[in-house]
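Written out below as structure tokens is the structure these notes cover.
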Amino acid sequence: MRKTRNPRRITGHVAKSSLARASRRWQSELAGGDGVVPSKALSVLYAGTFLARGPKRMAPEPEVDMTTRPQSYRFHNGEKALLPFETAEYEARLAGLRAIMAEDGVDAALFTSMHSIAYYSGFLYCAFGRPYGLVVTAQDCVTLSAGIDAGQPWRRSVGDNITYTDWQRDTFWGAAAQVAGTGQRIGIEADHLTLDASARLDAFLSPAARIDIAPACMQQRMRKSPAEIALIRAGAAVADVGGYAIRDAIREGTREIDVAMAGRDAMELEIASRFPDAEYRDTWVWFQSGLNTDGAHNPVTGRKLQRGDILSLNSFPMISGYYTALERTLFVGEVDDASLAIWEANIGAHELGMSLLRPGASCAEVTAGVNAFFEARDLLQYRSFGYGHSFGVLSHYYGREAGLELREDIDTVLEPGMVISMEPMLTLPAGKPGAGGYREHDILVITEDGAEDITGYPYGPDFNIIG
């Protein structure tokens with residue numbers, strides 16, 4: 001029996017008729033032309049404060065009865081929290097963004113990625129399947145968040161916030177249209193906007209044009225401010241704390257997971273001590289042993305450590321969305337001659353690579369130098385990825401400043417204020433002498449005349465043959 005297709009069902013594609021109806025409803029509610037958001041379209045739930053919105057101030061309204069199912073509202077609950085940076089830092093970032101927008105003729109920028117929203121507003125969202133956004137215009141900076149988060153997104157963002165509700169579909173896009181307007185030139189992140197979200201953007205915002213500003217915003221993030229460098233420096237110190245805790249937990253018979261938890265817990269406590277007003281989330285450790293060291297991002301297991309095992313220590317503190325890392329090769333008890341030779345060769349590449357990180361050098365040139373080192377030792381075929389990357393607002397599941405990576409195809413020239421890792425890795429397959437994955441990782445800040453290594457935990461056999 002042939003099944004009748006439900007035209008309202010949206011699974012992997014967009015039901016355009018449904019979007020059109022919803023879009024017309026929202027645009028009708030937003031009509032008026034006097035610059036005041038109608039209360040029907042934007043019910044405002046106030047908890048003691050409100051912000052100026054551009055040249056006009058949103059007049060406070062009485063508390064809303066939530067049983068009326070508003071489509072969106074403002075919930076300014078409590079006082080603004082201390083953000084990772086001073087207000088002036090965010091103002092400077094927004095000024096840089098607005099310069100990008102002016103150059104590209106963008107009326108409003110709609111960001112949907114975790115890294116861009118956090119970079120420009122301070123708010124790091126938890127999606128859990130819901131859309132989040134940040135709309136920036138010439139006057140406004142407004143985060144868009146789900147009702148499940150209540151007042152936290154407003155408290156943790158430098159600007160305004162609108163909460164959208166779950167009572168009906170597409171209230172997020174209606175809220176975006178309230179701030180960005182319709183028929184405008186909209187800046188987007190093409191590397192983050194899904195096909196589904198793209199169709200909804202067209203339906204609700206009816207943009208005159210869509211301009212991909214993600215590459216220009218990435219270039220802005222690649223160049224760190226002194227305040228960012230100070231935070232990254234603190235993160236590197238926390239990573240060292242995790243490294244020492246991991247080292248202290250290593251012994252024969254201990255499981256990978258137990259060692260990893262020791263490092264993670266030490267870093268969480270250190271972050272809480274250094275940053276008592278921060279939010280704590282996402283700090284983690286990858287600690288691998290034996291065959292599990294062959295991949296840099298292999299998950300932790302319950303394998304028990306054995307004498308002679310190669311180990312990979314990877315500690316990753318996360319401070320208000322900012323990522324830092326420490327990665328080291330270690331051995332349990334002893335190291336055989338073949339493994340020691342590979343380990344020392346990789347250390348040689350690591351030291352050469354760090355010496356090449358200087359202002360004026362291109363990422364491709366640094367990569368070529370390390371490649372030549374490995375090729376001369378017949379080891380280049382065991383390299384599996386680039387030699388380093390940028391740092392900032394990123395994690396293993398959001399953000400990547402792909403323009404600042406040590407790869408053959410990246411011609412970015414290093415500048416003072418950039419922060420980059422040197423982390424060569426060799427992986428020899430099982431069955432070969434010295435089998436396993438070898439990696440060292442330091443974070444370097446490019447200075448006016450060189451680079452400063454801000455990683456403190458030692459590398460090499462003298463410190464990292466444990467027990």
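Identifiers in this document derive from the order of the structure tokens: chains are assigned A, B, ..., residues are numbered from 1 separately in each chain, and ligands are numbered from 1 in order of occurrence.
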Identify, on the basis of only C-alpha atoms, every residue whose closest approach to range 150-160 of chain A does not exceed 6 Å; exclude the query and any residue fewer than 2 positions from it along the same chain; express the result as a list in words.
Phe75, His76, Asn77, Lys80, Ala81, Ser121, Gly122, Phe123, Cys141, Val142, Gly147 and Ile148 of chain A
Find the spatial neighbours of Ala402 in chain A, counting only C-alpha atoms, within a cut-off of 9 Å - ignore same-chain residues fewer than 2 positions away - and output them as a PyMOL selection string.
chain A and resi 218+389-390+400+404-405+410
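Between Thr182 in chain A and the candidates A:Leu134, A:Ala108, A:His441, A:Arg247, the tightest atom-to-atom separation, counting only C-alpha atoms, involves A:Ala108.
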Cut-off 12 Å: closest range 269-313 of chain A/range 362-384 of chain A atom pairs per residue, using only C-alpha atoms, as JSON lines:
```
{"residue": "A:Asp294", "atom": "CA", "partner": "A:Ser384", "partner_atom": "CA", "distance": 9.9}
{"residue": "A:Gly295", "atom": "CA", "partner": "A:Ser384", "partner_atom": "CA", "distance": 8.9}
{"residue": "A:Ala296", "atom": "CA", "partner": "A:Ser384", "partner_atom": "CA", "distance": 9.6}
```
Mind dumping a table of every range 400-441 of chain A residue within 6 Å of range 445-455 of chain A, with the nearest atom pair and its distance in Å to one decimal, using only C-alpha atoms, sorted by chain and rising number, as a tab-separated table?
```
residue	atom	partner	partner_atom	distance
A:Pro416	CA	A:Thr447	CA	4.5
A:Gly417	CA	A:Ile446	CA	5.7
A:Met418	CA	A:Ile446	CA	5.4
A:Val419	CA	A:Val445	CA	4.5
```
DSSP on the backbone: what in range 218-297 of chain A comes out strand (DSSP E), as a list of chain:residue names?
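Taking range 218-297 of chain A and keeping strand (DSSP E) gives A:Trp284, A:Val285, A:Trp286, A:Phe287, A:Gln288, A:Ser289.
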Using N, CA, C and O atoms, can you export the residues from the last selection as a CSV table (one decimal), in the first residue's frame?
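Listing of part.csv after writing:
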```
chain,number,residue,atom,x,y,z
A,284,TRP,N,39.8,18.0,29.5
A,284,TRP,CA,39.9,16.6,29.3
A,284,TRP,C,41.4,16.1,29.2
A,284,TRP,O,42.3,16.9,28.9
A,285,VAL,N,41.5,14.8,29.2
A,285,VAL,CA,42.8,14.1,29.0
A,285,VAL,C,42.6,13.0,28.1
A,285,VAL,O,41.7,12.2,28.2
A,286,TRP,N,43.5,12.8,27.1
A,286,TRP,CA,43.7,11.6,26.4
A,286,TRP,C,45.0,11.0,26.8
A,286,TRP,O,46.1,11.6,26.7
A,287,PHE,N,44.9,9.8,27.5
A,287,PHE,CA,46.2,9.1,27.9
A,287,PHE,C,46.1,7.8,27.2
A,287,PHE,O,45.2,7.0,27.5
A,288,GLN,N,47.1,7.5,26.4
A,288,GLN,CA,47.1,6.2,25.6
A,288,GLN,C,48.4,5.4,25.9
A,288,GLN,O,49.4,6.0,26.3
A,289,SER,N,48.3,4.1,25.7
A,289,SER,CA,49.4,3.2,25.9
A,289,SER,C,49.5,2.2,24.8
A,289,SER,O,48.4,1.8,24.2
```
For Thr163 in chain A, which residue among A:Tyr322, A:Tyr387, A:Tyr73, A:Phe111 is the nearest when counting only C-alpha atoms?
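Nearest to Thr163 in chain A: A:Tyr73.
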Of the listed residues A:Asp411, A:Val241, A:His297, A:Gly302, that which approaches Phe385 in chain A most closely, counting only C-alpha atoms:
A:His297
